Structures are given as structure tokens and as C-alpha cells.
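Comments concern the structure below.
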There are 2 protein chains.
Amino acid sequence: MKEPSSTLRQTDDEARKLARTLLRSARYAALAVIDPETGFPFASRVLLGTDIDGVPVILVSALSTHTKALASDIRASLLTGEPGKGDPLAYARLTTQCRAEQVERDTPLHARIRSRFLDRHAKAKLYIDFPDFRFFRLIPQSASLNGGFGRAYILEGNDLVIHSPANNAIAEKADAAVRDLVERYPDLMSALASSLKAPEVGPWRICGIDSAGFDMISGDLLLRYEFDIPALDLEELCSNISKIAYLIP
Amino acid sequence: MKEPSSTLRQTDDEARKLARTLLRSARYAALAVIDPETGFPFASRVLLGTDIDGVPVILVSALSTHTKALASDIRASLLTGEPGKGDPLAYARLTTQCRAEQVERDTPLHARIRSRFLDRHAKAKLYIDFPDFRFFRLIPQSASLNGGFGRAYILEGNDLVIHSPANNAIAEKADAAVRDLVERYPDLMSALASSLKAPEVGPWRICGIDSAGFDMISGDLLLRYEFDIPALDLEELCSNISKIAYLIP
């Protein structure tokens with residue numbers, strides 16, 4: 001039997017899209033940080049959200065080892081992409097190396113991240129406002145995509161960040177825009193779920209939008225849809241979503 | 001609403017047993033190492049096995065980032081314990097900080113680890129003997145058990161290692177002992193699965209034994225049974241297994 005090819009593949013748009021989807025559809029991740037007391041790497045589980053620019057976001061307690069580690073060394077890494085049935089190594093996963101930036105409370109940034117995080121993790125409302133809990137933005141610096149045996153790609157941090165001048169405007173009106181869409185198209189969510197071939201586990205709803213795509217959630221399942229071309233503004237974003245829902249080319 | 005208690009709990013035998021079970025029943029883990037090129041922590045997915053002394057074992061390619069990292073810095077960390085339905089943070093998980101020791105080929109140690117690994121990961125036979133693949137033993141130095149919100153424990157490395165003078169003798173005769181058991185009790189595996197309340201997904205079989213317990217596998221599922229008191233020798237180990245199978249006190 002031949003050994004699988006071990007050389008890195010040329011990073012193409014398909015690999016970038018897969019990487020973004022793995023990062024943005026992850027409800028949780030393994031976070032690796034450096035333990036300041038021992039210098040050992042430390043792997044733990046965190047809930048994951050995304051900011052409007054696609055940057056992954058974590059909510060952590062100041063009392064935990066990973067938070068103390070990030071206060072001393074901002075270098076971190078996230079592993080996303082969960083395996084399913086069969087060989088765990090046959091499933092694509094992404095390692096994203098990041099620099100952690102703590103999000104200050106009582107800022108518009110904090111409010112935006114908090115709102116997006118709750119849309120995805122409703123149960124976090126039980127502790128999100130505890131004084132020892134804080135958000136970090138984990139700014140991607142580089143990433144390694146493993147698409148299965150012999151399918152490895154290196155990505156740049158910017159491949160995983162949405163650099164759109166429309167980010168702020170979209171964030172400010174995102175909730176209202178989704179409500180308007182549903183008023184106009186009452187069956188929008190089920191039409192989207194059907195277009196996206198989402199498992200029929202229960203009702204699906206949009207839990208996040210940004211210029212590069214949108215997230216849908218149903219119970220424990222999270223789906224990410226990445227547009228082929230990012231939307232230039234909120235209007236185009238909403239138009240994209242309705243076209244996808246009703247399969248309009 | 002009250003904030004959950006944040007103090008560490010006193011580590012007791014129940015916590016130790018849960019930690020051992022989380023480590024020894026994991027088919028795969030997130031491995032955190034330190035990338036020698038950047039100093040960043042690096043999290044990746046690895047298949048997990050255990051050696052006869054309970055030490056976790058990984059099989060990795062020399063071409064991968066984590067293997068290059070371990071060649072330069074032997075400090076590593078494993079995250080085990082996968083979430084199920086609902087809140088991922090409600091599920092127990094274990095972070096084990098380890099020192100990595102590469103296993104030399106063509107040694108009895110390598111043969112033992114290879115055989116145990118294949119019993120658990122049959123598909124690894126496709127690449128286990130490739131020249132770039134190697135085993136590392138990840139010797140536990142310390143561990144953090146998170147049993148869910150407000151349930152944190154610190155463990156010593158030795159809590160996760162089986163220090164038994166019988167290890168070698170058990171390893172040498174393990175396969176034959178299991179075969180003998182099945183000859184004596186032809187329905188042993190199904191009786192064990194029933195005693196352990198294993199999901200009825202298909203036939204179960206023992207895929208590893210050691211003085212502290214045994215592992216059973218069925219498709220993608222792995223179960224670990226930890227004895228209350230470690231067995232002193234192979235005979236007692238087999239007697240323990242048959243008593244568990246037939247619910248003999």
C-alpha cells in the first residue's frame with residue numbers, strides 16, 4: 001500500500017471556505033494556552049461565538065486556568081471541527097493560532113459581542129453578566145486546515161477575518177433586519193433550513209449574520225452558510241438570504 | 001441568582017475515578033503542544049490509546065506540526081471527555097499535562113503499545129507501520145478535572161498512572177487471557193455489555209485490560225470499567241471480569 005502524500009496542498013478558495021465554515025459553525029472548541037505557572041500548554045473546552053468580523057470569541061471566567069494564562073500570554077490556539085461516525089481523523093478540523101484581546105465591559109464592542117453570543121448560546125445568560133466572566137476576541141494569525149489524510153493546508157489569519165467597511169452598519173441593524181425578513185417571508189426559516197438541507201430536528205432560526213454569510217441554529221446544531229461573494233451592505237445581505245431560502249439564482 | 005462556587009473541591013476517590021475514566025475511555029483527544037517556530041500553543045486532534053500502566057499513548061506522523069513540536073519541547077496537554085446533547089460545558093472533561101516520551105521501534109515496549117493500539121483502533125493498521133509514524137507515551141504530570149460548573153479538581157500525575165508490579169506480566173498474557181475467558185464463558189462479552197449497561201449498538205468486545213480495569217469497544221463507542229481495587233495479578237483480573245459479567249458480588 002502506498003503512503004499518502006504528505007506535502008502541503010496549495011491553499012485555494014475551497015480550502016478557505018472550508019476553514020471559515022469549520023471556525024464559524026463551531027459551538028465549542030478546544031482552546032490551547034500556555035500555563036504561566038509551568039510553561040506547559042493547557043487544553044480546555046470553551047464555548048465559541050463570532051464577532052461581526054468573523055473573529056472567534058470566547059466567554060471565560062477569570063477564575064479558570066485558561067483565563068489566567070491569557071492574562072499572562074495572549075498566544076492561543078483553537079481546534080474546531082468535530083468528528084462524526086467512524087474514524088475521527090477522517091473528519092476535517094482546523095487549528096487557528098490567535099492573539100487574545102480582552103473585551104472591555106460597558107463598551108459598544110462588549111454589547112455587540114454579548115448580544116451575538118447570546119443569540120447562539122441562550123443558556124449563557126445564566127452567567128454571562130457575572131463579574132468574573134469576560135469576553136476575549138481571538139484574532140486569527142494563521143491556521144492549519146487538516147481536511148483528512150494527506151489534505152493539509154496553511155492559511156493566513158486574514159483568510160478568517162471579514163474585512164468589510166459594512167461590518168459596523170450590519171451589526172447595528174442585524175436584529176431588526178432579520179425580524180423584517182421574517183415579517184416579509186413568514187416561512188423564511190423553514191425555507192432556509194430546507195435549502196441548506198438542514199437535518200429535520202426541529203425549528204431552525206438564524207442566530208447570526210455578517211457580510212460573509214449567516215449562522216442557523218436548532219438545539220445543539222449550528223450551520224454556517226458562507227456566501228460565494230461577501231455582501232456589500234445589509235440590503236444585499238438580506239437579499240442573499242431570501243434568494244438562498246427560495247432558491248432564486 | 002447566586003454565582004456558582006468557584007473554589008477548587010477536595011480531590012477524592014470519586015474524582016480520581018472519573019478522571020481515569022475520562023482519560024482511558026477517550027478514542028481521541030485534543031492535543032496541545034508548543035509550536036517551536038512561533039512559540040504559540042498548537043491544538044490538534046489525535047487518536048488516543050493507553051499503555052499497560054494507564055499512560056496515554058498517541059500515534060503521530062513525523063510530518064505533522066504536533067510531532068515536530070514534541071521533538072523540540074516535550075511538554076504537552078490532552079483534553080479528553082466529549083460533550084453530548086445540550087450544554088457542552090455541562091459535561092465532565094479532563095486536562096492532563098504530560099511529558100512526551102517517544103517510543104523506539106523494534107523494542108518490546110513498541111510491540112506492546114502497537115498491539116494495544118490496534119486492538120482499540122483497528123483502522124490504524126493502514127498506516128501504523130509507515131516509516132514516518134511513531135508512538136509517544138504522554139506521562140501525566142498533573143491534571144485538572146472539570147466536572148461541570150463549580151466542580152473543579154486538581155489531580156497529581158500519579159493519580160492517572162497504574163503503578164503495579166504485575167503490569168508486565170499482565171501485558172504479556174493479556175490476549176491469551178481474554179481468549180481463555182471467552183472459551184470458558186462464550187457469552188462473556190454480551191454479559192459484560194449488559195452488566196455495564198452498554199448501549200445496544202452491536203456486539204461489544206474487550207479491547208484492552210490492565211490491573212486497574214478493562215476497556216470495551218463497539219464501533220465508535222469505547223467504555224472503560226475501573227475496578228474499585230486494582231487486581232494484583234492476571235488471575236484476579238480475569239476473576240474480576242467474570243464476576244462483573246455475571247453480577248457475582
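FYI, nothing fancy with the C-alpha cells labels: chains A, B, ... in order, residues from 1 per chain, ligands from 1 as they appear.
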
task = Could you give me, as a VMD selection string, the residues within 7 Å of range 158-162 of chain A, counting only C-alpha atoms and dropping anything in the same chain fewer than 2 positions from it?
result = chain A and resid 16 20 53 to 55 140 155 to 156 164 212

inquiry  = Please identify all residues of chain A having at least one atom at most 6 Å from any atom of chain B, considering only C-alpha atoms, and return them as an MDAnalysis selection string.
reply    = chainID A and resid 32:33 40:43 75:77 79

Output C-alpha atoms for every residue in the selection just made, as a PDB file, in the first residue's frame.
```pdb
ATOM      1  CA  ALA A  32      -4.837  25.784  23.921  1.00  0.00           C
ATOM      2  CA  VAL A  33      -2.981  28.361  26.000  1.00  0.00           C
ATOM      3  CA  PHE A  40       3.078  23.722  29.759  1.00  0.00           C
ATOM      4  CA  PRO A  41       0.474  24.056  27.047  1.00  0.00           C
ATOM      5  CA  PHE A  42      -3.025  23.741  28.521  1.00  0.00           C
ATOM      6  CA  ALA A  43      -6.029  22.474  26.555  1.00  0.00           C
ATOM      7  CA  ARG A  75      -0.965  33.469  22.394  1.00  0.00           C
ATOM      8  CA  ALA A  76      -3.697  30.868  21.949  1.00  0.00           C
ATOM      9  CA  SER A  77      -4.926  28.249  19.549  1.00  0.00           C
ATOM     10  CA  LEU A  79      -9.254  23.456  17.465  1.00  0.00           C
TER      11      LEU A  79
END
```

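Taking CA of Trp204 in chain A and CA of Arg120 in chain A as endpoints, the distance between them is 11.9 Å.
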
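Neighbours of Arg105 in chain B closer than or equal to 12 Å, with only C-alpha atoms counted and sequence neighbours fewer than 5 positions away skipped, come out as His110, Ala111, Arg112, Ile113, Arg114, Ile128, Asp129, Phe130, Pro131, Asp132, Phe133, Arg134, Phe135 and Phe136 of chain B.
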
query = Expressed in Å to a single decimal, how great is the separation between CA of Arg137 in chain B and CA of Ser72 in chain A?
reply =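 Result for CA of Arg137 in chain B versus CA of Ser72 in chain A: 29.3 Å, one decimal.
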
task = Using only C-alpha atoms, find the one residue out of A:Leu232, A:Cys238, A:Leu8, A:Ile244 that sits nearest to Asn167 in chain A.
result = A:Leu232

query = In range 9-233 of chain A, what's strand (DSSP E) per DSSP? Answer as a ChimeraX atom specification?
reply = /A:28-34,41-50,56-61,75-80,93-102,133-146,152-156,205-210,213-218,221-226

For the residues in the current selection, export C-alpha atoms as a short mmCIF file (atom, residue, chain, number, x, y, z; two decimals), in the first residue's frame.
```cif
data_model
loop_
_atom_site.label_atom_id
_atom_site.label_comp_id
_atom_site.auth_asym_id
_atom_site.auth_seq_id
_atom_site.Cartn_x
_atom_site.Cartn_y
_atom_site.Cartn_z
CA TYR A 28 -17.41 24.91 21.15
CA ALA A 29 -13.71 24.38 20.68
CA ALA A 30 -10.59 23.10 22.34
CA LEU A 31 -8.59 26.13 23.45
CA ALA A 32 -4.84 25.78 23.92
CA VAL A 33 -2.98 28.36 26.00
CA ILE A 34 0.32 28.43 27.86
CA PRO A 41 0.47 24.06 27.05
CA PHE A 42 -3.02 23.74 28.52
CA ALA A 43 -6.03 22.47 26.55
CA SER A 44 -9.57 23.15 27.74
CA ARG A 45 -13.08 23.36 26.35
CA VAL A 46 -14.73 26.72 25.63
CA LEU A 47 -17.98 27.86 24.08
CA LEU A 48 -17.33 29.70 20.84
CA GLY A 49 -19.02 32.69 19.25
CA THR A 50 -18.01 35.02 16.44
CA PRO A 56 -13.86 33.96 17.14
CA VAL A 57 -14.99 34.99 20.61
CA ILE A 58 -14.84 33.14 23.93
CA LEU A 59 -16.57 33.80 27.25
CA VAL A 60 -14.45 32.67 30.19
CA SER A 61 -14.23 33.02 33.95
CA ARG A 75 -0.96 33.47 22.39
CA ALA A 76 -3.70 30.87 21.95
CA SER A 77 -4.93 28.25 19.55
CA LEU A 78 -8.40 26.90 18.78
CA LEU A 79 -9.25 23.46 17.47
CA THR A 80 -12.63 23.35 15.70
CA ARG A 93 -10.57 20.13 11.52
CA LEU A 94 -8.90 23.50 11.83
CA THR A 95 -6.21 24.78 14.16
CA THR A 96 -6.31 28.57 14.38
CA GLN A 97 -3.45 30.39 16.06
CA CYS A 98 -4.73 33.60 17.62
CA ARG A 99 -3.81 36.59 19.70
CA ALA A 100 -6.30 37.15 22.51
CA GLU A 101 -7.74 40.61 23.18
CA GLN A 102 -9.88 41.07 26.26
CA PHE A 133 -16.81 36.46 33.30
CA ARG A 134 -15.23 38.21 30.35
CA PHE A 135 -15.01 38.01 26.60
CA PHE A 136 -11.88 37.66 24.56
CA ARG A 137 -11.64 38.20 20.84
CA LEU A 138 -9.17 35.66 19.44
CA ILE A 139 -7.64 37.38 16.41
CA PRO A 140 -6.52 34.76 13.87
CA GLN A 141 -2.82 34.96 13.00
CA SER A 142 -2.54 31.81 10.93
CA ALA A 143 -4.29 28.47 10.64
CA SER A 144 -3.72 24.85 9.67
CA LEU A 145 -6.55 23.06 7.95
CA ASN A 146 -6.49 19.28 8.02
CA ALA A 152 -3.27 19.75 4.72
CA TYR A 153 -3.37 23.47 4.03
CA ILE A 154 -1.86 26.54 5.65
CA LEU A 155 -3.98 29.68 5.86
CA GLU A 156 -3.27 33.27 6.76
CA ARG A 205 -33.58 30.05 13.22
CA ILE A 206 -30.91 32.49 12.11
CA CYS A 207 -28.63 33.21 15.10
CA GLY A 208 -26.10 35.48 13.42
CA ILE A 209 -25.48 37.36 10.21
CA ASP A 210 -22.42 39.11 8.80
CA GLY A 213 -22.74 34.71 5.48
CA PHE A 214 -25.11 33.65 8.21
CA ASP A 215 -25.49 31.08 11.01
CA MET A 216 -28.54 28.96 11.75
CA ILE A 217 -29.23 27.09 14.96
CA SER A 218 -31.56 24.33 16.10
CA LEU A 221 -26.86 22.02 15.85
CA LEU A 222 -25.24 25.04 14.25
CA LEU A 223 -24.97 25.58 10.50
CA ARG A 224 -22.84 28.15 8.75
CA TYR A 225 -23.59 29.36 5.25
CA GLU A 226 -20.78 31.25 3.51
#
```

task = Taking the chain letters and numbering used in this document, name the residues of range 4-248 of chain B that DSSP puts in alpha helix (DSSP H), as a PyMOL selection string.
result = chain B and resi 13-24+65-72+108-120+167-184+188-195+234-245

ask   = For Ala71 in chain B, which residue among B:Tyr185, B:Asp35, B:Ala92, B:Gln10 is the nearest when counting only C-alpha atoms?
value =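 Ranking B:Tyr185, B:Asp35, B:Ala92, B:Gln10 by distance to Ala71 in chain B, first place goes to B:Asp35.
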
Atom pair CA of Tyr246 in chain B / CA of Leu188 in chain B: separation (Å) =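 Atom-to-atom, CA of Tyr246 in chain B and CA of Leu188 in chain B are spaced 8.3 Å apart.
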
query = Of the candidates A:Ala90, A:Asn168, A:His163, A:Asp51, which shows the shortest atom-to-atom distance to Phe149 in chain A, using only C-alpha atoms?
reply = A:Ala90

request  = May I have the residues within 9 Å of Leu234 in chain A as a list in words, using only C-alpha atoms and disregarding those fewer than 6 positions away in the same chain?
outcome  = Ala166, Ala169, Ile170, Lys173, Ala174, Ala177, Asp210 and Ser211 of chain A
